[in-house]
Each structure stands twice: as C-alpha cells, then as structure tokens.
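A.B. asks: My structure is stored as entry38.csv, with CSV, C-alpha atoms.
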chain,number,residue,atom,x,y,z
E,1,MET,CA,37.0,-9.2,-19.1
E,2,SER,CA,36.1,-11.5,-16.2
E,3,LEU,CA,32.3,-11.8,-16.4
E,4,TYR,CA,32.3,-14.9,-14.3
E,5,GLN,CA,34.1,-13.3,-11.4
E,6,LEU,CA,32.0,-10.1,-11.7
E,7,GLN,CA,28.8,-12.1,-11.6
E,8,LYS,CA,30.1,-14.2,-8.7
E,9,LEU,CA,30.7,-11.0,-6.7
E,10,ILE,CA,27.1,-9.9,-7.3
E,11,TYR,CA,25.8,-13.3,-6.5
E,12,HIS,CA,27.6,-13.3,-3.2
E,13,VAL,CA,26.4,-9.8,-2.3
E,14,ASN,CA,22.8,-10.6,-3.3
E,15,ARG,CA,22.4,-13.8,-1.4
E,16,ASP,CA,24.8,-13.7,1.6
E,17,PRO,CA,24.0,-11.2,4.3
E,18,SER,CA,27.5,-11.4,5.8
E,19,GLN,CA,29.2,-10.7,2.5
E,20,ARG,CA,26.6,-8.1,1.7
E,21,GLU,CA,27.6,-6.3,4.9
E,22,ARG,CA,31.3,-6.5,4.1
E,23,TYR,CA,30.6,-5.1,0.7
E,24,ARG,CA,28.5,-2.3,2.1
E,25,GLN,CA,31.1,-1.3,4.6
E,26,ASP,CA,33.9,-1.1,2.2
E,27,PRO,CA,33.0,-1.9,-1.5
E,28,ALA,CA,36.4,-0.9,-2.8
E,29,SER,CA,38.1,-3.4,-0.5
E,30,PHE,CA,35.5,-6.1,-1.1
E,31,VAL,CA,35.9,-6.1,-4.8
E,32,LYS,CA,39.6,-6.9,-4.4
E,33,GLY,CA,38.6,-10.4,-3.5
E,34,TYR,CA,37.7,-11.1,-7.1
E,35,GLU,CA,39.7,-11.2,-10.3
E,36,LEU,CA,38.3,-8.2,-12.0
E,37,THR,CA,39.5,-5.6,-14.4
E,38,GLU,CA,39.6,-2.0,-13.2
E,39,GLU,CA,36.5,-1.3,-15.3
E,40,GLU,CA,34.6,-4.1,-13.6
E,41,LYS,CA,35.8,-3.1,-10.2
E,42,ASN,CA,34.6,0.5,-10.7
E,43,ALA,CA,31.3,-0.7,-12.1
E,44,ALA,CA,30.7,-2.9,-9.0
E,45,VAL,CA,31.8,-0.2,-6.5
E,46,ASN,CA,29.7,2.5,-8.1
E,47,VAL,CA,26.7,0.3,-8.9
E,48,ASP,CA,27.0,1.5,-12.5
E,49,VAL,CA,23.9,-0.3,-13.9
E,50,ARG,CA,24.4,0.5,-17.5
E,51,LYS,CA,28.0,-0.6,-17.4
E,52,LEU,CA,27.3,-3.8,-15.6
E,53,TYR,CA,24.5,-4.6,-18.0
E,54,THR,CA,26.7,-4.0,-21.1
E,55,LEU,CA,29.4,-6.0,-19.5
E,56,GLY,CA,27.0,-8.9,-19.7
E,57,VAL,CA,25.8,-9.3,-16.1
E,58,HIS,CA,22.6,-11.4,-16.0
E,59,SER,CA,19.6,-9.2,-15.6
E,60,LEU,CA,18.4,-11.2,-12.6
E,61,LEU,CA,21.7,-10.7,-10.8
E,62,LEU,CA,21.7,-7.0,-11.8
E,63,ARG,CA,18.2,-6.0,-10.9
E,64,PRO,CA,18.3,-7.5,-7.4
E,65,PHE,CA,21.8,-6.0,-6.9
E,66,SER,CA,20.5,-2.6,-7.9
E,67,LEU,CA,17.5,-3.0,-5.6
E,68,LEU,CA,19.9,-3.5,-2.7
E,69,HIS,CA,21.1,0.0,-3.5
E,70,LYS,CA,17.5,1.4,-3.7
E,71,VAL,CA,17.7,2.0,-7.4
E,72,SER,CA,14.1,2.8,-8.4
E,73,ASN,CA,12.4,1.1,-11.3
E,74,GLU,CA,12.4,4.4,-13.1
E,75,ASP,CA,16.1,5.0,-12.6
E,76,TYR,CA,16.9,1.4,-13.6
E,77,ALA,CA,14.9,1.8,-16.8
E,78,GLN,CA,16.6,5.1,-17.5
E,79,ALA,CA,20.0,3.5,-17.0
E,80,LEU,CA,19.2,0.9,-19.7
E,81,ALA,CA,17.5,3.3,-22.1
E,82,GLY,CA,18.4,2.7,-25.7
E,83,LEU,CA,20.0,-0.7,-25.1
E,84,GLU,CA,17.1,-2.7,-26.3
A,1,MET,CA,3.4,-7.7,-5.9
A,2,THR,CA,4.6,-7.4,-2.3
A,3,ALA,CA,7.6,-5.4,-3.3
A,4,TRP,CA,5.6,-2.8,-5.1
A,5,THR,CA,2.0,-3.3,-3.9
A,6,GLU,CA,1.2,0.3,-4.2
A,7,ALA,CA,2.4,0.4,-7.7
A,8,ALA,CA,-0.6,-1.5,-9.0
A,9,SER,CA,-4.1,-0.2,-8.8
A,10,LYS,CA,-6.0,-0.9,-5.6
A,11,GLU,CA,-8.6,-2.8,-7.5
A,12,GLN,CA,-5.9,-5.1,-9.0
A,13,SER,CA,-4.1,-5.5,-5.7
A,14,GLU,CA,-7.4,-6.5,-4.1
A,15,LYS,CA,-8.3,-8.9,-6.9
A,16,PHE,CA,-4.9,-10.4,-6.6
A,17,LEU,CA,-5.1,-10.8,-2.8
A,18,GLY,CA,-8.6,-12.1,-3.1
A,19,CYS,CA,-7.6,-14.8,-5.5
A,20,TYR,CA,-4.7,-15.8,-3.3
A,21,ARG,CA,-6.9,-16.0,-0.3
A,22,LYS,CA,-9.4,-18.2,-2.2
A,23,LEU,CA,-6.6,-20.5,-3.4
A,24,GLY,CA,-5.1,-20.6,0.1
A,25,GLU,CA,-8.5,-21.7,1.5
A,26,MET,CA,-8.9,-24.3,-1.1
A,27,LEU,CA,-5.4,-25.6,-0.5
A,28,VAL,CA,-5.9,-25.8,3.3
A,29,ALA,CA,-9.3,-27.4,2.8
A,30,SER,CA,-7.7,-30.1,0.8
A,31,ARG,CA,-5.6,-31.0,3.8
A,32,PRO,CA,-2.5,-32.1,2.1
A,33,ASP,CA,0.3,-33.7,4.1
A,34,VAL,CA,2.9,-32.3,1.9
A,35,LEU,CA,3.2,-29.6,-0.7
A,36,VAL,CA,5.6,-30.3,-3.6
A,37,ALA,CA,6.6,-27.0,-5.2
A,38,ILE,CA,7.8,-27.2,-8.8
A,39,THR,CA,9.7,-23.9,-8.8
A,40,VAL,CA,12.5,-21.8,-10.1
A,41,GLU,CA,15.2,-19.8,-8.5
A,42,HIS,CA,17.1,-16.6,-9.4
A,43,TRP,CA,20.7,-17.1,-8.5
A,44,THR,CA,19.7,-17.9,-5.0
A,45,ASN,CA,21.3,-21.3,-4.5
A,46,PHE,CA,23.0,-22.1,-7.7
A,47,PHE,CA,25.6,-20.2,-9.7
A,48,LEU,CA,27.5,-20.9,-12.9
A,49,ASN,CA,30.0,-23.1,-11.0
A,50,HIS,CA,27.2,-25.7,-10.7
A,51,MET,CA,23.8,-25.4,-12.3
A,52,PRO,CA,21.6,-28.4,-12.1
A,53,ALA,CA,18.9,-28.9,-14.7
A,54,PHE,CA,16.6,-30.4,-11.9
A,55,CYS,CA,17.2,-30.3,-8.2
A,56,ILE,CA,15.0,-31.8,-5.4
A,57,GLY,CA,15.4,-30.4,-1.9
A,58,ARG,CA,16.0,-32.9,0.8
A,59,ALA,CA,16.2,-30.7,3.8
A,60,ASP,CA,14.2,-30.7,7.0
A,61,HIS,CA,13.5,-27.0,6.5
A,62,TYR,CA,14.1,-24.1,4.2
A,63,ASP,CA,14.5,-20.4,4.9
A,64,GLY,CA,13.4,-17.5,2.9
A,65,PRO,CA,12.9,-15.1,1.3
A,66,VAL,CA,16.5,-14.2,0.5
A,67,GLU,CA,15.5,-10.8,-0.8
A,68,GLU,CA,15.4,-8.2,1.8
A,69,TRP,CA,13.3,-5.9,-0.5
A,70,LEU,CA,10.5,-8.3,-1.0
A,71,ARG,CA,8.6,-7.1,2.1
A,72,ILE,CA,7.2,-10.4,3.2
A,73,PRO,CA,8.3,-11.8,6.6
A,74,LYS,CA,11.1,-14.2,6.7
A,75,ALA,CA,10.1,-17.7,7.6
A,76,ARG,CA,11.4,-21.2,8.1
A,77,VAL,CA,9.4,-23.6,6.0
A,78,PRO,CA,9.4,-27.3,7.1
A,79,GLY,CA,10.5,-29.9,4.7
A,80,ASP,CA,9.8,-33.6,4.4
A,81,SER,CA,13.2,-35.2,3.9
A,82,GLN,CA,11.8,-38.7,4.0
A,83,LEU,CA,9.5,-38.2,1.1
A,84,SER,CA,12.3,-36.2,-0.7
A,85,ALA,CA,14.6,-39.2,-0.3
A,86,GLU,CA,11.9,-41.5,-1.7
A,87,MET,CA,11.3,-39.2,-4.7
A,88,LEU,CA,15.1,-39.1,-5.4
A,89,ALA,CA,15.4,-42.8,-5.1
A,90,ALA,CA,12.5,-43.3,-7.5
A,91,CYS,CA,14.0,-40.8,-10.0
A,92,LEU,CA,17.4,-42.4,-10.0
A,93,ASP,CA,15.9,-45.8,-10.4
A,94,GLY,CA,13.5,-44.6,-13.1
A,95,GLY,CA,15.6,-42.8,-15.6
A,96,PHE,CA,15.8,-39.3,-14.1
A,97,ASP,CA,18.9,-37.9,-12.4
A,98,PRO,CA,18.1,-34.7,-10.5
A,99,THR,CA,20.6,-33.4,-8.1
A,100,PHE,CA,19.6,-33.0,-4.5
A,101,SER,CA,20.3,-30.4,-1.8
A,102,ASP,CA,20.1,-30.5,1.9
A,103,GLU,CA,20.3,-26.8,2.1
A,104,LEU,CA,18.2,-24.5,-0.1
A,105,LEU,CA,17.1,-20.9,0.3
A,106,PHE,CA,13.8,-19.9,-1.1
A,107,ASP,CA,13.5,-16.7,-3.1
A,108,HIS,CA,10.4,-14.8,-4.2
A,109,ALA,CA,9.4,-17.5,-6.7
A,110,THR,CA,8.7,-19.9,-3.9
A,111,MET,CA,8.1,-17.7,-0.9
A,112,LEU,CA,5.5,-15.5,-2.3
A,113,PRO,CA,3.0,-18.2,-3.1
A,114,LEU,CA,3.8,-19.9,0.2
A,115,HIS,CA,3.3,-16.7,2.1
A,116,PHE,CA,-0.3,-16.6,0.9
A,117,LEU,CA,-1.1,-20.3,0.4
A,118,ASN,CA,0.6,-21.9,3.4
A,119,PRO,CA,-0.3,-19.7,6.4
A,120,ASN,CA,2.1,-20.2,9.3
A,121,MET,CA,4.0,-22.5,7.0
A,122,ALA,CA,2.0,-25.4,8.5
A,123,ILE,CA,2.3,-27.7,5.5
A,124,PRO,CA,5.7,-29.2,4.8
A,125,VAL,CA,7.2,-28.3,1.4
A,126,ILE,CA,9.5,-30.2,-1.0
A,127,PRO,CA,11.0,-27.9,-3.6
A,128,VAL,CA,11.7,-29.2,-7.1
A,129,ILE,CA,13.8,-26.6,-8.9
A,130,ILE,CA,14.0,-26.4,-12.6
A,131,ASN,CA,16.8,-24.4,-14.2
A,132,THR,CA,15.0,-21.7,-16.2
A,133,LEU,CA,17.6,-19.2,-15.5
A,134,THR,CA,20.6,-19.8,-17.8
A,135,THR,CA,21.4,-21.9,-20.8
A,136,PRO,CA,21.4,-24.8,-21.4
A,137,MET,CA,18.1,-25.5,-19.8
A,138,PRO,CA,16.1,-28.8,-19.8
A,139,SER,CA,13.8,-28.9,-22.7
A,140,PRO,CA,10.0,-28.5,-22.3
A,141,LYS,CA,9.7,-32.0,-23.4
A,142,ARG,CA,12.0,-33.2,-20.6
A,143,CYS,CA,10.2,-31.0,-18.1
A,144,PHE,CA,6.9,-32.5,-19.0
A,145,ALA,CA,8.3,-36.1,-18.7
A,146,PHE,CA,9.9,-35.3,-15.4
A,147,GLY,CA,6.6,-33.9,-14.1
A,148,GLN,CA,4.8,-36.9,-15.4
A,149,PHE,CA,7.2,-39.2,-13.6
A,150,LEU,CA,7.0,-37.3,-10.3
A,151,GLY,CA,3.2,-37.2,-10.6
A,152,ARG,CA,3.0,-41.0,-10.9
A,153,LYS,CA,5.4,-41.5,-8.0
A,154,LEU,CA,3.5,-39.1,-5.7
A,155,ALA,CA,0.2,-40.6,-6.6
A,156,GLY,CA,1.4,-43.8,-5.1
A,157,SER,CA,2.5,-42.2,-1.9
A,158,GLU,CA,0.9,-42.9,1.4
A,159,LYS,CA,0.7,-39.1,1.8
A,160,SER,CA,-1.7,-36.7,0.3
A,161,VAL,CA,0.4,-34.5,-1.9
A,162,ALA,CA,-0.5,-31.1,-3.3
A,163,VAL,CA,1.6,-29.8,-6.2
A,164,VAL,CA,2.3,-26.1,-6.6
A,165,ALA,CA,4.0,-24.8,-9.7
A,166,THR,CA,5.4,-21.4,-9.7
A,167,GLY,CA,6.8,-19.3,-12.6
A,168,GLY,CA,6.0,-16.6,-15.0
A,169,LEU,CA,4.6,-16.2,-18.5
A,170,SER,CA,6.2,-13.8,-20.9
A,171,HIS,CA,8.4,-11.2,-19.3
A,172,TRP,CA,11.9,-9.7,-19.6
A,173,PRO,CA,12.9,-9.0,-16.0
A,174,GLY,CA,15.7,-6.6,-15.5
A,175,GLU,CA,16.4,-6.3,-19.1
A,176,ALA,CA,16.3,-3.3,-21.4
A,177,LYS,CA,13.0,-4.7,-22.8
A,178,HIS,CA,11.5,-4.8,-19.3
A,179,GLY,CA,7.9,-3.9,-19.3
A,180,LYS,CA,7.1,-5.9,-22.4
A,181,ILE,CA,4.4,-8.6,-22.2
A,182,ASN,CA,3.5,-10.9,-25.1
A,183,ILE,CA,-0.1,-11.3,-24.5
A,184,PRO,CA,-0.8,-13.4,-27.6
A,185,PHE,CA,2.0,-15.8,-26.5
A,186,ASP,CA,0.6,-16.0,-23.0
A,187,ARG,CA,-3.0,-16.6,-24.3
A,188,LYS,CA,-1.9,-19.3,-26.6
A,189,PHE,CA,0.1,-21.0,-24.0
A,190,LEU,CA,-2.7,-20.9,-21.5
A,191,ASP,CA,-5.1,-22.3,-24.1
A,192,THR,CA,-2.7,-25.1,-24.8
A,193,LEU,CA,-2.2,-25.7,-21.1
A,194,ILE,CA,-5.9,-25.7,-20.3
A,195,SER,CA,-6.8,-27.9,-23.2
A,196,GLY,CA,-4.4,-30.4,-21.9
A,197,ASP,CA,-2.6,-30.7,-25.2
A,198,HIS,CA,0.4,-32.6,-23.9
A,199,ALA,CA,2.0,-33.0,-27.3
A,200,LYS,CA,1.9,-29.3,-27.9
A,201,LEU,CA,3.2,-28.4,-24.5
A,202,SER,CA,6.2,-30.8,-25.0
A,203,ALA,CA,6.8,-29.3,-28.4
A,204,TYR,CA,7.6,-25.8,-27.2
A,205,SER,CA,11.2,-25.1,-28.2
A,206,HIS,CA,13.7,-23.2,-26.2
A,207,GLU,CA,14.2,-20.8,-29.1
A,208,GLU,CA,10.5,-20.1,-29.4
A,209,ILE,CA,10.1,-19.3,-25.7
A,210,ASN,CA,13.2,-17.2,-25.7
A,211,VAL,CA,12.1,-15.0,-28.6
A,212,GLU,CA,8.4,-14.9,-27.8
A,213,ALA,CA,8.3,-14.9,-24.0
A,214,GLY,CA,11.7,-13.6,-23.1
A,215,SER,CA,14.2,-14.7,-20.5
A,216,GLY,CA,11.5,-14.8,-17.8
A,217,GLY,CA,9.2,-16.8,-20.1
A,218,HIS,CA,11.4,-19.8,-19.7
A,219,GLU,CA,9.6,-20.3,-16.4
A,220,ILE,CA,6.7,-21.8,-18.2
A,221,ARG,CA,8.6,-25.0,-17.9
A,222,THR,CA,7.2,-25.4,-14.3
A,223,TRP,CA,3.7,-25.2,-15.8
A,224,ILE,CA,4.6,-27.7,-18.3
A,225,ALA,CA,6.0,-30.0,-15.7
A,226,LEU,CA,2.8,-29.5,-13.7
A,227,ALA,CA,0.7,-30.5,-16.6
A,228,GLY,CA,2.8,-33.7,-16.8
A,229,ALA,CA,2.2,-34.4,-13.1
A,230,LEU,CA,-1.5,-34.3,-13.5
A,231,PRO,CA,-3.0,-37.5,-14.8
A,232,GLU,CA,-6.2,-35.8,-15.7
A,233,TRP,CA,-6.0,-32.2,-16.8
A,234,ARG,CA,-9.2,-30.3,-17.0
A,235,ALA,CA,-8.6,-26.7,-16.1
A,236,GLU,CA,-10.4,-23.5,-16.2
A,237,LEU,CA,-8.8,-20.1,-16.4
A,238,LEU,CA,-10.1,-17.9,-13.6
A,239,ALA,CA,-8.3,-14.8,-14.6
A,240,TYR,CA,-5.5,-13.5,-16.8
A,241,GLU,CA,-5.1,-9.8,-16.5
A,242,PRO,CA,-2.2,-8.0,-18.0
A,243,SER,CA,-2.2,-4.3,-17.3
A,244,VAL,CA,0.1,-1.4,-17.2
A,245,PRO,CA,-1.3,1.1,-14.8
A,246,TRP,CA,1.9,3.1,-14.9
A,247,ALA,CA,4.5,3.2,-17.6
A,248,THR,CA,6.7,0.7,-16.0
A,249,VAL,CA,4.2,-1.2,-13.9
A,250,ALA,CA,2.6,-4.4,-14.9
A,251,LEU,CA,0.3,-6.8,-13.2
A,252,TRP,CA,-0.9,-10.0,-14.5
A,253,LEU,CA,-3.4,-12.3,-12.8
A,254,SER,CA,-4.3,-15.7,-14.0
A,255,PHE,CA,-6.0,-18.4,-12.2
A,256,ILE,CA,-6.8,-21.8,-13.4
A,257,VAL,CA,-9.1,-24.1,-11.6
A,258,HIS,CA,-8.8,-27.7,-12.5
A,259,LYS,CA,-11.5,-30.1,-11.6
A,260,THR,CA,-11.2,-33.8,-11.9
A,261,LYS,CA,-13.6,-36.5,-11.0
A,262,GLU,CA,-15.4,-36.6,-7.7
A,263,ARG,CA,-13.8,-34.5,-5.1
A,264,SER,CA,-10.5,-34.1,-6.7
A,265,GLN,CA,-9.7,-30.5,-7.5
A,266,LEU,CA,-6.8,-28.9,-9.1
A,267,VAL,CA,-6.1,-25.3,-8.8
A,268,ASP,CA,-3.7,-23.6,-11.0
A,269,HIS,CA,-3.1,-20.1,-10.2
A,270,ARG,CA,-0.7,-17.6,-11.5
A,271,SER,CA,-0.3,-14.0,-11.0
A,272,VAL,CA,2.4,-11.5,-11.8
A,273,ALA,CA,2.9,-8.1,-10.5
A,274,ASN,CA,5.7,-5.7,-10.6
A,275,MET,CA,7.2,-2.6,-11.9
A,276,MET,CA,10.0,-4.4,-13.7
A,277,ARG,CA,8.0,-7.1,-15.2
A,278,TYR,CA,8.7,-9.4,-12.3
A,279,LYS,CA,5.9,-11.8,-12.0
A,280,GLN,CA,4.3,-13.9,-9.4
A,281,ARG,CA,2.5,-17.0,-10.3
A,282,GLN,CA,1.3,-20.2,-8.9
A,283,LYS,CA,-0.1,-23.4,-10.0
A,284,ALA,CA,-1.4,-26.1,-7.9
A,285,ALA,CA,-2.3,-29.6,-8.9
A,286,ALA,CA,-4.1,-32.3,-7.2
A,287,ILE,CA,-2.4,-35.6,-7.6
A,288,ARG,CA,-4.2,-37.5,-4.9
A,289,PRO,CA,-7.9,-37.1,-4.2
A,290,ARG,CA,-8.6,-33.5,-3.3
A,291,PRO,CA,-5.2,-32.1,-4.0
A,292,PHE,CA,-4.1,-29.1,-5.8
A,293,VAL,CA,-1.7,-27.1,-7.7
A,294,VAL,CA,-0.8,-23.5,-7.4
A,295,SER,CA,1.9,-21.5,-9.0
A,296,SER,CA,3.5,-18.1,-8.5
A,297,ASP,CA,6.3,-15.8,-9.5
A,298,PHE,CA,7.3,-12.3,-8.6
Would you mind writing the structure in this file as structure tokens?
C.D. replies:
Amino acid sequence: MSLYQLQKLIYHVNRDPSQRERYRQDPASFVKGYELTEEEKNAAVNVDVRKLYTLGVHSLLLRPFSLLHKVSNEDYAQALAGLE
Amino acid sequence: MTAWTEAASKEQSEKFLGCYRKLGEMLVASRPDVLVAITVEHWTNFFLNHMPAFCIGRADHYDGPVEEWLRIPKARVPGDSQLSAEMLAACLDGGFDPTFSDELLFDHATMLPLHFLNPNMAIPVIPVIINTLTTPMPSPKRCFAFGQFLGRKLAGSEKSVAVVATGGLSHWPGEAKHGKINIPFDRKFLDTLISGDHAKLSAYSHEEINVEAGSGGHEIRTWIALAGALPEWRAELLAYEPSVPWATVALWLSFIVHKTKERSQLVDHRSVANMMRYKQRQKAAAIRPRPFVVSSDF
C-alpha cells in the first residue's frame, strides 16, 4: 500500500501536461516511476475508478483523472455504486 | 458549469450567465486596481509533500485553467507582486504566517469566476489560497481572523481593492455520495453569513462542516474569510437555486449583494453547477469605496 505514491502519480498526470503526455503514450512504463504495488500499478494503468477510490485516492484527484480519460458522470457514478 | 453547460436546463444556464454578467459589470464599474481572490485549489499547486494552510501568490502573472476539460480558454492573469509583498510583510509582522508562491496555476475555482468577471483579464489578481482540501485545515475561526486582518490591511492600501471569494457550499465532489446537497445547511449558513453574525461564522467546526456539508463544503472557509474582510457586512441574497434537472446534475445559484454606506457596494455571488456536484461560486467584497466581492466554484 503506497497511497502517497499513487496519489502523487495522479497529481502529476492531472496538472503537468508533459507528464500527462508521457503517461498517455505509455502508462505501463510511466507508472514504473513510482513506488507502487502491482495492484496500484494496474489500477492506475487501467483507470480502475472503483479500485482507485477504495484504495483511498482523494476524490478530487480521482474525478479529474477520470475526466482526462473521458469517463462520463454516469459511468463514474456507476463505478462507485454501493460504496457510499 | 462550463464543463457541462448543456447538462443544466437552458433556463438555469441563462440565469447563471445573466447573474455573472451583472456581477462582472458591477465589478468593472467599481474600477478596482486589484482583485484579491480568496480562493481554494484542488491539487493544482500543492500536494501532500507540502500543504500550506494559507498561501498568498506573489507572482507577476498566473496561468490557468489547468483543467483541459473545463472548456474555458486558457489565459494569463496579471498579478500585483508589489501589493502581494506588502500583504505578506504585514501578515508576518501582524501575527499571521502564510506561505508565499511566485508560481501558481489557477484551476476552475479561480478561473471560472475570473473568466466571467474579469474580461480580458484586465484587472490584476492576487490569489489568497486557503487549504480546504485535506486535513488538517485552518479553522473557520482562524479563516475569519485572517480575512479580517487582510481586510484591514487592504483598506489602508493606496489602491482600490476588490475582494472575490470563491468556493462551494455543501457538496461531495467525486465521492460515492456525489449529487447530494444539504439545502438546510446551505440555507442556515447563508442566513448566518448575510446576517453578519461573525461569532457564529467563527464557531463553525471542522466536524460539523465535514458531516453536514461534505468534503466540498469545507470551502465555506473562503466565505467566512470574506465576511471577516468586510468591515460592514450587510448582504442580500440574490439567488440560491439548488436543482437536479437530471439524476446526476445539480446547479446551484446564489448571489448576495452587499450594500454599505454611500457608494460602497459589495457583491457576493456564488453559483454551482455540475453533474458531479462540482460547484462554482463567487463572492466579492468591497473593501474600499465602491469595491466588491465575488465568489465562485466549479
């Protein structure tokens, strides 16, 4: 569990256009730059909203991150269904 | 509201834009030299490696919005590094210790109101960022006192300063509880704000806000700071309109017009619109004769 590193990755992708581009070109390679578990790496590469949420990623990191991947409001809500 | 304009009803969108236009006209007509924006940010500049309670921007300019999905044009906003430096010096000399930054990006919280209220970004802006994002946060009492201190300092400035506060009322952005609005909480807070009950504003607790208004509701600290910045607070609510036109869409509008003696005028405006409970708000306060306050969120 390395929530700090996972959130840092998302923070970088969200706010820095150059890192965002690196992530988009090769997410599997990009995530290697952070100290993450395999579970966390997979969640970040696959934009697994529900997994990232349950791992504890802050909602205002996660929602913008998902928006970069064109996750609609409906799909986002669906991904979190039942977690309230 | 810009990201999902079509998600709200046309009537609400037009109402929102109309209010913004009106506030923008009032702000421009007040001819401020500088606009101090009491604002928040969403992991745009600060991360968990360094999270200031208060930060005052000291840059010559600020770029934004950082969000490529916000659908408002990117812009470079001029700053006023000299007044920033004066504010910082006064703070450190007067019992407040904000951090400072010579490079800040603006996100929706700041850019959205500026987009409507500061056409062509003609008025220089000084951002005052409050951490409302992650615990521990400065207490409402401290936010009020900080606003009060800044208001007194700015009132003594040679420049005519307008104050804009931006932040949301109750909302749970990006959470599983997204879409929830606590209208009774919002109403009560607005009543307290409008009545100018400074003691009650300062008495809000972190826990109360967290439970009743959600993670996004912590942004009311900017409103509380704004109330502190205004020596005379007589405000009028122009609109507060929560609605859920679609299952996941919400749009709030609230506008507060503050009128002080003579020609002084304070406008406090807030609006929120989004599909995920993101809000936009603005508050503006007049500190000098004829200044203002506006606030906004996404």
A.B. asks: Once you count only C-alpha atoms, which residues of chain E turn out to be within 8 Å of chain A? Could you give them as an MDAnalysis selection string?
C.D. replies: chainID E and resid 4 8 11 14:15 59:64 67:68 73:74 77 80:84
A.B. asks: When distances are computed from all atoms listed in the file, which of E:Asn42, E:Asp75, E:Val47, E:Glu35 shows the smallest separation from Leu3 of chain E?
C.D. replies: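 Going through E:Asn42, E:Asp75, E:Val47, E:Glu35 one by one, the smallest distance to Leu3 of chain E is for E:Glu35.
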A.B. asks: Please provide as a list in words all residues within 12 Å of Gln5 of chain E, with the sequence filter that same-chain residues fewer than 2 positions apart are discarded (counting only C-alpha atoms).
C.D. replies: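 Result of the neighbour search: Met1, Ser2, Leu3, Gln7, Lys8, Leu9, Ile10, Tyr11, His12, Val31, Lys32, Gly33, Tyr34, Glu35, Leu36, Thr37, Glu40, Lys41, Ala44, Leu55, Gly56 and Val57 of chain E; Phe47, Leu48 and Asn49 of chain A.
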A.B. asks: Using all atoms listed in the file and a cutoff of 12 Å, can you tell me which residues are near (15.5, -33.4, 11.4) in the file's coordinates, and write them out as a PyMOL selection string?
C.D. replies: chain A and resi 58-62+78-82+102
A.B. asks: Please, what distance in Å, to one decimal, runs between atom CA of Ala90 of chain A and atom CA of Ile224 of chain A?
C.D. replies: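 That distance, rounded to one decimal, is 20.6 Å.
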A.B. asks: Would you please work out which residue, of A:Pro113, A:Lys153, A:Pro73, A:Ala145, is nearest to Asp93 of chain A when using only C-alpha atoms?
C.D. replies: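 Of A:Pro113, A:Lys153, A:Pro73, A:Ala145, the one nearest Asp93 of chain A, counting only C-alpha atoms, is A:Lys153.
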A.B. asks: Nearest to Asp48 of chain E: which of E:Ser29, E:Asp16, E:Arg22, E:Ala79 is it, counting only C-alpha atoms?
C.D. replies: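 Using only C-alpha atoms, the shortest distance to Asp48 of chain E belongs to E:Ala79.
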A.B. asks: Atom CA of Ile56 of chain A and atom CA of Met87 of chain A are how many Å apart?
C.D. replies: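 About the pair atom CA of Ile56 of chain A and atom CA of Met87 of chain A: they are 8.3 Å apart.
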A.B. asks: Pick from A:Thr135, A:Pro140, A:Arg187, A:Asp63: nearest to His58 of chain E, with only C-alpha atoms counted?
C.D. replies: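 The closest residue to His58 of chain E is A:Thr135.
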A.B. asks: Take atom CA of Thr99 of chain A and atom CA of Phe54 of chain A and report the distance between them in Å, one decimal.
C.D. replies: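 Between atom CA of Thr99 of chain A and atom CA of Phe54 of chain A the gap works out to 6.3 Å.
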A.B. asks: Would you mind listing what lies within 7 Å of segment 16-23 of chain A as a list in words, with only C-alpha atoms counted and same-chain residues fewer than 2 positions away left out?
C.D. replies: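 The neighbour list is Gln12, Ser13, Glu14, Glu25, Met26, Leu27, Phe116, Leu117 and Leu253 of chain A.
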A.B. asks: Which residue, E:Val45, E:Leu6, E:Phe65, E:Tyr53, has the smallest gap to Pro27 of chain E when you use only C-alpha atoms?
C.D. replies: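 So, comparing all the options, the nearest one is E:Val45.
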A.B. asks: Tell me which of A:Leu150, A:Cys143, A:Ile129, A:Met121 sits closest to Val77 of chain A, counting all atoms listed in the file.
C.D. replies: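 Closest to Val77 of chain A of all the choices is A:Met121.
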A.B. asks: Rebuild segment 100-112 of chain A to N, CA and C atoms - output it as a short mmCIF file (atom, residue, chain, number, x, y, z; two decimals), in the frame of the given file, please.
C.D. replies:
data_model
loop_
_atom_site.label_atom_id
_atom_site.label_comp_id
_atom_site.auth_asym_id
_atom_site.auth_seq_id
_atom_site.Cartn_x
_atom_site.Cartn_y
_atom_site.Cartn_z
N PHE A 100 20.38 -33.29 -5.69
CA PHE A 100 19.60 -33.00 -4.50
C PHE A 100 20.40 -32.04 -3.62
N SER A 101 19.68 -31.42 -2.70
CA SER A 101 20.30 -30.40 -1.80
C SER A 101 19.68 -30.50 -0.46
N ASP A 102 20.55 -30.55 0.55
CA ASP A 102 20.10 -30.50 1.90
C ASP A 102 20.04 -29.12 2.51
N GLU A 103 20.34 -28.15 1.66
CA GLU A 103 20.30 -26.80 2.10
C GLU A 103 19.89 -25.87 0.93
N LEU A 104 18.67 -25.41 0.93
CA LEU A 104 18.20 -24.50 -0.10
C LEU A 104 17.57 -23.28 0.51
N LEU A 105 17.87 -22.13 -0.05
CA LEU A 105 17.10 -20.90 0.30
C LEU A 105 16.02 -20.71 -0.66
N PHE A 106 14.92 -20.18 -0.18
CA PHE A 106 13.80 -19.90 -1.10
C PHE A 106 13.85 -18.38 -1.42
N ASP A 107 13.64 -18.08 -2.69
CA ASP A 107 13.50 -16.70 -3.10
C ASP A 107 12.02 -16.39 -3.37
N HIS A 108 11.77 -15.26 -3.98
CA HIS A 108 10.40 -14.80 -4.20
C HIS A 108 9.53 -15.85 -4.92
N ALA A 109 10.16 -16.55 -5.84
CA ALA A 109 9.40 -17.50 -6.70
C ALA A 109 8.67 -18.51 -5.81
N THR A 110 9.32 -18.94 -4.75
CA THR A 110 8.70 -19.90 -3.90
C THR A 110 8.04 -19.32 -2.66
N MET A 111 8.67 -18.29 -2.11
CA MET A 111 8.10 -17.70 -0.90
C MET A 111 6.86 -16.94 -1.04
N LEU A 112 6.74 -16.29 -2.17
CA LEU A 112 5.50 -15.50 -2.30
C LEU A 112 4.27 -16.30 -2.33
#
